[in-house]
Amino acid sequence: MIELLLWPWLGGMLIAVATGPLGAFVVWRRMAYFGDTLAHAALLGVALGWILQINLNLAVVLFCLLLAILLSTLMYQRIIATDTLLGILSHSSLAIGLVIISMFNDQPVDLMAMLFGDLLALGIDDMAWISISVALALGVLAWFWRPLLSHTICPELAHVEGVNNNLMRTLLFVLIAMVIAIAMKVVGVLLITSLLIIPAASARRLASTPEQMAIWASLFGCLAITGGMSLSWYYDSPAGPSVVVVASATFFCLYLWPRQQPQ
Amino acid sequence: MAEGILSARGLMVKRNRRKLIHDVSLDLQAGQITTLIGPNGAGKSTLVRTLLGLQKASAGTITKRPDLRVGYMPQKLNLESTLPLRVQRFIDLGLGKHRLPKNLLQAMFQACRIEHLLTQPMQYLSGGETQRVLLLRSLLNSPHLLILDEPVQGVDIAGQADMYQLIVNIRDQLGCGILMISHDLHMVAAATDQVICLNQHVCCSGHPQQVSQDPAIVELFGNQGVSALAVYNHQHNHHHDSQGTIIPGHHHGGCEHD
């Protein structure tokens, strides 16, 4: 049992640690829909990666990064409303991805695993790239924490105080794209945003500083992974959805609990 | 003679082929308060954003004193309720390399009356409290120029007079130039050295008294507006407290009264 669950659990925990602070930014900046768009695009990334015969992980990361940078530019230009733009890209990439994948009769890609995650399939081989990606994401976040926070609170003030807003926005987009590409393994493209948003939303209940919120979000993420895997182990439920169920249950428990003091 | 800190010549800003402002020239001096007035849609915020570099000018030049440090107070702060942020932390985020000397910083904290708010979440502040916190944050890094976008928005009438007095005090203590947007002509006259009346272009500019006699201002604000400016010129040698009572002998020295 230990050998079977150790690597999936460790990989899931690592990813949850990264989705905590990034999810906080997603919540603060109301980027939930943006996360969804990137997640759906990840599926198209898989399909394209398969056609081009390149490493699928690499294909997903590259495609998400490409889309993140494209979105960062398009949203800045404000040609059409952001949510409309995201809606178009989100669903068309999901649809195109599904069509391409279904065109291969021999099913080279496990569609269910893509859509809902295949946490238990994580092995020791996956640890290397998960660790590197998570370390990179956390490192960049820590290094740029202050300007990222200033940029999120008020871009105008940040600009006057010398923060490069374009850099900060692109940086956040790229980090989210990267984490989505790795989190796809855990909960699948349809549920990734929940791993970003739900732990951060739960954390809001307990935090009175941005840093506290980031740390609590990571802890709630880890709790969701652990709880979800236990649920999956004992009741044979699918691992990805179980993780999300535990995350949501935590959220509702916290919000039903009466508040001690205004935060 | 006052030292020039920022000059703009022939500024024009276009959006979707529409000119938001055009042919705007102005000079800002250290130690002087310049007030930008004008009707809604006159391009006041556009001008301020252009001077700050938040928006690109389609034509014209902006010349700044070398290493000019600018403090900015935005019109309002759109803070998500999901972001836990206390007042103290919000202020700390604005502290840079050129922060004010400690005693002056302390004095500014007191002047802005926010010491009792420091542990409060930003989202719990009233309109006036938020404005005072934003004002304090704008002057943390010893700015040479303060740009205030409607500093009294959301502040009640009694608080507005206090706010303008506070701005005058800040100018006196820091010696910085101030450019502010305001709607209230009466208040403007009481606390300003130069008025620029903007309606896409500069309609008129100068000392409040000068401007009050300009036909352009009558056209924009009507006679009532003009009398607001003119009335002030008969009362410039004393100061009102927040109840409107005249405070004898309290007269700040910064303005050049005739």
# chains A, B, ... in the order shown; residues from 1 in each chain; ligands from 1

call {"tool": "interface_residues", "arguments": {"of": "chain A", "to": "chain B", "cutoff": "12 Å", "atoms": "only C-alpha atoms", "output": "PyMOL selection string"}}
result
chain A and resi 23-30+79+145-166+197+200-214+261-263

call {"tool": "select_by_dssp", "arguments": {"residues": "region 117-232 of chain B", "states": "helix (DSSP H, G or I)", "output": "ChimeraX atom specification"}}
result
/B:117,122-124,127-138,157-174,185-190,208-212,215-232

call {"tool": "write_last_selection", "arguments": {"atoms": "C-alpha atoms", "output": "PDB file, in the first residue's frame"}}
result
ATOM      1  CA  LEU B 117      -6.733  52.543  12.151  1.00  0.00           C
ATOM      2  CA  MET B 122      -8.567  48.157   4.586  1.00  0.00           C
ATOM      3  CA  GLN B 123     -12.073  47.101   3.542  1.00  0.00           C
ATOM      4  CA  TYR B 124     -13.535  48.304   6.867  1.00  0.00           C
ATOM      5  CA  GLY B 127     -14.617  56.863   2.634  1.00  0.00           C
ATOM      6  CA  GLY B 128     -12.801  59.616   4.503  1.00  0.00           C
ATOM      7  CA  GLU B 129     -10.507  57.190   6.310  1.00  0.00           C
ATOM      8  CA  THR B 130      -9.590  55.489   3.037  1.00  0.00           C
ATOM      9  CA  GLN B 131      -8.752  58.857   1.491  1.00  0.00           C
ATOM     10  CA  ARG B 132      -6.484  59.748   4.427  1.00  0.00           C
ATOM     11  CA  VAL B 133      -4.704  56.388   4.188  1.00  0.00           C
ATOM     12  CA  LEU B 134      -4.239  56.859   0.433  1.00  0.00           C
ATOM     13  CA  LEU B 135      -2.969  60.382   1.025  1.00  0.00           C
ATOM     14  CA  LEU B 136      -0.450  59.162   3.577  1.00  0.00           C
ATOM     15  CA  ARG B 137       0.744  56.421   1.268  1.00  0.00           C
ATOM     16  CA  SER B 138       1.284  58.925  -1.547  1.00  0.00           C
ATOM     17  CA  ILE B 157     -18.458  68.493   3.922  1.00  0.00           C
ATOM     18  CA  ALA B 158     -16.828  69.096   7.299  1.00  0.00           C
ATOM     19  CA  GLY B 159     -14.153  66.563   6.475  1.00  0.00           C
ATOM     20  CA  GLN B 160     -13.461  68.217   3.120  1.00  0.00           C
ATOM     21  CA  ALA B 161     -12.252  71.458   4.688  1.00  0.00           C
ATOM     22  CA  ASP B 162      -9.996  69.433   6.984  1.00  0.00           C
ATOM     23  CA  MET B 163      -8.692  67.480   4.023  1.00  0.00           C
ATOM     24  CA  TYR B 164      -7.768  70.614   2.078  1.00  0.00           C
ATOM     25  CA  GLN B 165      -6.121  72.080   5.167  1.00  0.00           C
ATOM     26  CA  LEU B 166      -4.181  68.832   5.534  1.00  0.00           C
ATOM     27  CA  ILE B 167      -3.020  69.076   1.925  1.00  0.00           C
ATOM     28  CA  VAL B 168      -1.824  72.645   2.509  1.00  0.00           C
ATOM     29  CA  ASN B 169       0.039  71.492   5.643  1.00  0.00           C
ATOM     30  CA  ILE B 170       1.694  68.697   3.696  1.00  0.00           C
ATOM     31  CA  ARG B 171       2.842  71.168   1.060  1.00  0.00           C
ATOM     32  CA  ASP B 172       4.244  73.442   3.776  1.00  0.00           C
ATOM     33  CA  GLN B 173       6.077  70.647   5.568  1.00  0.00           C
ATOM     34  CA  LEU B 174       7.428  68.703   2.595  1.00  0.00           C
ATOM     35  CA  LEU B 185     -14.563  75.683  -6.699  1.00  0.00           C
ATOM     36  CA  HIS B 186     -14.905  77.233  -3.274  1.00  0.00           C
ATOM     37  CA  MET B 187     -12.489  74.807  -1.701  1.00  0.00           C
ATOM     38  CA  VAL B 188     -10.157  75.101  -4.649  1.00  0.00           C
ATOM     39  CA  ALA B 189      -9.829  78.810  -4.182  1.00  0.00           C
ATOM     40  CA  ALA B 190      -9.035  78.457  -0.505  1.00  0.00           C
ATOM     41  CA  PRO B 208      -7.790  81.875  -8.490  1.00  0.00           C
ATOM     42  CA  GLN B 209      -8.661  85.565  -8.573  1.00  0.00           C
ATOM     43  CA  GLN B 210      -7.402  85.958 -12.125  1.00  0.00           C
ATOM     44  CA  VAL B 211      -9.308  82.917 -13.273  1.00  0.00           C
ATOM     45  CA  SER B 212     -12.549  84.032 -11.628  1.00  0.00           C
ATOM     46  CA  PRO B 215     -15.165  84.632 -19.365  1.00  0.00           C
ATOM     47  CA  ALA B 216     -14.351  80.961 -20.017  1.00  0.00           C
ATOM     48  CA  ILE B 217     -15.013  80.041 -16.416  1.00  0.00           C
ATOM     49  CA  VAL B 218     -18.387  81.766 -16.425  1.00  0.00           C
ATOM     50  CA  GLU B 219     -19.282  79.704 -19.428  1.00  0.00           C
ATOM     51  CA  LEU B 220     -18.242  76.447 -17.737  1.00  0.00           C
ATOM     52  CA  PHE B 221     -19.398  76.956 -14.200  1.00  0.00           C
ATOM     53  CA  GLY B 222     -21.961  79.741 -14.371  1.00  0.00           C
ATOM     54  CA  ASN B 223     -22.086  82.776 -12.134  1.00  0.00           C
ATOM     55  CA  GLN B 224     -22.392  80.729  -8.994  1.00  0.00           C
ATOM     56  CA  GLY B 225     -19.080  79.065  -9.649  1.00  0.00           C
ATOM     57  CA  VAL B 226     -17.425  82.356 -10.310  1.00  0.00           C
ATOM     58  CA  SER B 227     -18.711  83.886  -7.118  1.00  0.00           C
ATOM     59  CA  ALA B 228     -17.309  80.909  -5.230  1.00  0.00           C
ATOM     60  CA  LEU B 229     -13.899  81.823  -6.512  1.00  0.00           C
ATOM     61  CA  ALA B 230     -14.437  85.543  -6.082  1.00  0.00           C
ATOM     62  CA  VAL B 231     -15.876  85.336  -2.576  1.00  0.00           C
ATOM     63  CA  TYR B 232     -12.757  83.686  -1.413  1.00  0.00           C
TER      64      TYR B 232
END

call {"tool": "closest_residue", "arguments": {"among": "B:Leu20, B:Ile62, B:Ile181, B:Met108", "to": "Glu150 (chain B)", "atoms": "only C-alpha atoms"}}
result
B:Ile181

call {"tool": "residues_around", "arguments": {"residues": "Leu43 (chain A)", "least_positions_apart": "6", "cutoff": "12 Å", "atoms": "only C-alpha atoms", "output": "short mmCIF file (atom, residue, chain, number, x, y, z; two decimals) with C-alpha atoms, in the first residue's frame"}}
result
data_model
loop_
_atom_site.label_atom_id
_atom_site.label_comp_id
_atom_site.auth_asym_id
_atom_site.auth_seq_id
_atom_site.Cartn_x
_atom_site.Cartn_y
_atom_site.Cartn_z
CA ASP A 36 -10.52 27.44 -16.53
CA THR A 37 -9.46 28.66 -19.96
CA GLY A 49 1.57 17.14 -28.49
CA TRP A 50 0.37 13.74 -29.59
CA LEU A 56 2.99 15.30 -23.66
CA ASN A 57 3.98 17.08 -20.43
CA ALA A 59 3.46 19.97 -24.97
CA VAL A 60 0.96 20.96 -22.27
CA VAL A 61 3.37 23.35 -20.53
CA PHE A 63 0.85 25.31 -25.07
CA CYS A 64 -0.39 26.76 -21.77
CA SER A 90 -11.93 28.14 -23.15
CA HIS A 91 -14.66 26.20 -24.84
CA SER A 92 -13.25 26.17 -28.34
CA SER A 93 -9.96 24.74 -27.12
CA LEU A 94 -11.79 22.13 -25.06
CA ALA A 95 -13.93 21.21 -28.07
CA ILE A 96 -11.04 21.11 -30.53
CA GLY A 97 -9.00 19.05 -28.07
CA LEU A 98 -11.84 16.53 -27.65
CA VAL A 99 -12.41 16.29 -31.42
CA ILE A 100 -8.74 15.71 -32.19
CA ILE A 101 -8.38 13.09 -29.44
CA VAL A 109 -4.69 9.21 -24.74
CA ASP A 110 -6.82 8.19 -21.78
CA LEU A 111 -9.56 10.79 -22.08
CA MET A 112 -11.03 10.19 -18.63
CA ALA A 113 -7.61 10.64 -17.05
CA MET A 114 -7.21 13.92 -18.91
CA LEU A 115 -10.61 15.25 -17.88
CA PHE A 116 -10.72 14.09 -14.28
CA GLY A 117 -7.13 13.35 -13.39
CA ILE A 180 -2.11 24.07 -14.30
CA ALA A 181 -0.01 21.97 -16.64
CA MET A 184 -3.70 18.37 -14.68
CA LYS A 185 -2.26 15.01 -13.57
CA GLY A 188 -7.78 16.69 -14.56
CA VAL A 189 -8.57 19.66 -16.78
CA LEU A 190 -12.19 20.01 -15.71
CA ILE A 192 -8.05 22.13 -11.91
#

call {"tool": "residues_around", "arguments": {"residues": "region 14-21 of chain A", "least_positions_apart": "4", "cutoff": "6 Å", "atoms": "only C-alpha atoms", "output": "PyMOL selection string"}}
result
chain A and resi 134+196+214+217-218+221-222

call {"tool": "residues_around", "arguments": {"residues": "Gly60 (chain B)", "least_positions_apart": "5", "cutoff": "10 Å", "atoms": "only C-alpha atoms", "output": "VMD selection string"}}
result
chain B and resid 8 to 13 22 to 25

call {"tool": "atom_distance", "arguments": {"atom1": "CA of Trp233 (chain A)", "atom2": "CA of Phe252 (chain A)"}}
result
23.2 Å

call {"tool": "atom_distance", "arguments": {"atom1": "CA of Val244 (chain A)", "atom2": "CA of Ile198 (chain A)"}}
result
8.3 Å

call {"tool": "closest_residue", "arguments": {"among": "B:Gly41, B:Gly4, B:Pro143, B:Pro66", "to": "Gly175 (chain B)", "atoms": "only C-alpha atoms"}}
result
B:Pro143

call {"tool": "residues_around", "arguments": {"residues": "Leu120 (chain A)", "least_positions_apart": "2", "cutoff": "8 Å", "atoms": "only C-alpha atoms", "output": "MDAnalysis selection string"}}
result
chainID A and resid 4:5 8 118 122 239

call {"tool": "atom_distance", "arguments": {"atom1": "CA of Arg18 (chain B)", "atom2": "CA of Asn199 (chain B)"}}
result
14.1 Å

call {"tool": "closest_residue", "arguments": {"among": "A:Leu58, A:Val243, A:Ile130, A:Leu219", "to": "Leu191 (chain A)", "atoms": "only C-alpha atoms"}}
result
A:Val243

call {"tool": "residues_around", "arguments": {"residues": "Asp193 (chain B)", "least_positions_apart": "6", "cutoff": "7 Å", "atoms": "only C-alpha atoms", "output": "PyMOL selection string"}}
result
chain B and resi 32-34+207+255

call {"tool": "select_by_dssp", "arguments": {"residues": "region 86-181 of chain B", "states": "strand (DSSP E or B)", "output": "list in words"}}
result
Arg86, Pro121, Leu145, Leu146, Ile147, Leu148, Asp149, Gly177, Ile178, Leu179, Met180 and Ile181 of chain B

call {"tool": "decode", "arguments": {"residues": "region 60-104 of chain B", "atoms": "N, CA and C atoms", "output": "compact mmCIF listing (two decimals), in the first residue's frame"}}
result
# COMPACT_ATOMS: atom_id res chain seq x y z
N GLY B 60 2.95 65.68 -28.06
CA GLY B 60 3.36 66.57 -26.98
C GLY B 60 4.50 66.01 -26.17
N THR B 61 5.05 66.85 -25.31
CA THR B 61 6.20 66.43 -24.51
C THR B 61 5.95 66.70 -23.04
N ILE B 62 6.55 65.86 -22.21
CA ILE B 62 6.53 66.06 -20.76
C ILE B 62 7.98 66.14 -20.31
N THR B 63 8.36 67.24 -19.71
CA THR B 63 9.73 67.38 -19.20
C THR B 63 9.67 67.36 -17.69
N LYS B 64 10.48 66.46 -17.10
CA LYS B 64 10.48 66.37 -15.65
C LYS B 64 11.85 66.75 -15.12
N ARG B 65 11.87 67.28 -13.92
CA ARG B 65 13.13 67.48 -13.23
C ARG B 65 13.82 66.12 -13.13
N PRO B 66 15.17 66.08 -13.29
CA PRO B 66 15.83 64.77 -13.20
C PRO B 66 15.52 64.10 -11.85
N ASP B 67 15.34 62.79 -11.87
CA ASP B 67 15.06 61.98 -10.68
C ASP B 67 13.83 62.46 -9.92
N LEU B 68 12.87 62.96 -10.65
CA LEU B 68 11.65 63.44 -9.98
C LEU B 68 10.90 62.27 -9.34
N ARG B 69 10.63 62.42 -8.05
CA ARG B 69 9.83 61.39 -7.37
C ARG B 69 8.39 61.89 -7.25
N VAL B 70 7.49 61.05 -7.70
CA VAL B 70 6.09 61.45 -7.71
C VAL B 70 5.30 60.57 -6.73
N GLY B 71 4.45 61.21 -5.96
CA GLY B 71 3.52 60.46 -5.11
C GLY B 71 2.14 60.58 -5.73
N TYR B 72 1.38 59.51 -5.67
CA TYR B 72 0.08 59.51 -6.36
C TYR B 72 -1.01 59.01 -5.43
N MET B 73 -2.09 59.73 -5.43
CA MET B 73 -3.26 59.29 -4.67
C MET B 73 -4.38 59.03 -5.67
N PRO B 74 -4.71 57.77 -5.92
CA PRO B 74 -5.75 57.47 -6.90
C PRO B 74 -7.12 57.91 -6.40
N GLN B 75 -8.04 58.04 -7.32
CA GLN B 75 -9.38 58.52 -6.97
C GLN B 75 -10.05 57.59 -5.97
N LYS B 76 -9.93 56.30 -6.22
CA LYS B 76 -10.38 55.36 -5.20
C LYS B 76 -9.66 54.04 -5.37
N LEU B 77 -9.79 53.23 -4.33
CA LEU B 77 -9.08 51.97 -4.31
C LEU B 77 -10.10 50.86 -4.45
N ASN B 78 -9.96 50.05 -5.50
CA ASN B 78 -10.89 48.92 -5.67
C ASN B 78 -10.25 47.68 -5.10
N LEU B 79 -10.46 47.47 -3.81
CA LEU B 79 -9.81 46.35 -3.16
C LEU B 79 -10.79 45.20 -3.02
N GLU B 80 -10.39 44.05 -3.51
CA GLU B 80 -11.23 42.86 -3.39
C GLU B 80 -11.42 42.50 -1.92
N SER B 81 -12.64 42.09 -1.56
CA SER B 81 -12.88 41.72 -0.17
C SER B 81 -12.16 40.42 0.17
N THR B 82 -11.73 39.69 -0.86
CA THR B 82 -11.05 38.42 -0.61
C THR B 82 -9.59 38.62 -0.22
N LEU B 83 -9.09 39.85 -0.36
CA LEU B 83 -7.67 40.10 -0.05
C LEU B 83 -7.54 40.64 1.37
N PRO B 84 -7.03 39.81 2.29
CA PRO B 84 -6.92 40.30 3.67
C PRO B 84 -5.74 41.27 3.78
N LEU B 85 -6.03 42.51 4.11
CA LEU B 85 -4.96 43.51 4.13
C LEU B 85 -5.27 44.54 5.20
N ARG B 86 -4.36 44.66 6.16
CA ARG B 86 -4.55 45.67 7.19
C ARG B 86 -3.94 46.98 6.73
N VAL B 87 -4.39 48.07 7.35
CA VAL B 87 -3.92 49.40 6.98
C VAL B 87 -2.39 49.48 7.08
N GLN B 88 -1.87 48.97 8.19
CA GLN B 88 -0.41 49.01 8.40
C GLN B 88 0.33 48.37 7.22
N ARG B 89 -0.17 47.21 6.78
CA ARG B 89 0.49 46.49 5.70
C ARG B 89 0.39 47.26 4.38
N PHE B 90 -0.77 47.85 4.17
CA PHE B 90 -0.98 48.63 2.95
C PHE B 90 0.02 49.79 2.89
N ILE B 91 0.26 50.41 4.05
CA ILE B 91 1.20 51.52 4.09
C ILE B 91 2.63 51.02 3.92
N ASP B 92 2.96 49.92 4.59
CA ASP B 92 4.31 49.35 4.46
C ASP B 92 4.66 49.03 3.01
N LEU B 93 3.66 48.57 2.25
CA LEU B 93 3.91 48.22 0.85
C LEU B 93 4.35 49.43 0.03
N GLY B 94 4.02 50.62 0.51
CA GLY B 94 4.38 51.83 -0.23
C GLY B 94 5.74 52.38 0.16
N LEU B 95 6.36 51.83 1.20
CA LEU B 95 7.63 52.37 1.66
C LEU B 95 8.76 51.94 0.73
N GLY B 96 9.44 52.92 0.17
CA GLY B 96 10.54 52.61 -0.75
C GLY B 96 11.88 53.10 -0.20
N LYS B 97 12.79 53.33 -1.11
CA LYS B 97 14.16 53.69 -0.71
C LYS B 97 14.26 55.11 -0.14
N HIS B 98 13.37 55.99 -0.59
CA HIS B 98 13.51 57.40 -0.22
C HIS B 98 12.52 57.80 0.86
N ARG B 99 12.22 56.88 1.77
CA ARG B 99 11.17 57.17 2.75
C ARG B 99 11.49 58.42 3.56
N LEU B 100 10.44 59.07 4.03
CA LEU B 100 10.58 60.31 4.80
C LEU B 100 11.40 60.03 6.06
N PRO B 101 12.14 61.06 6.55
CA PRO B 101 12.81 60.90 7.83
C PRO B 101 11.79 60.56 8.92
N LYS B 102 12.25 59.83 9.94
CA LYS B 102 11.32 59.25 10.90
C LYS B 102 10.39 60.28 11.58
N ASN B 103 10.97 61.42 12.00
CA ASN B 103 10.14 62.39 12.73
C ASN B 103 9.05 62.98 11.83
N LEU B 104 9.44 63.22 10.55
CA LEU B 104 8.48 63.77 9.60
C LEU B 104 7.39 62.74 9.29
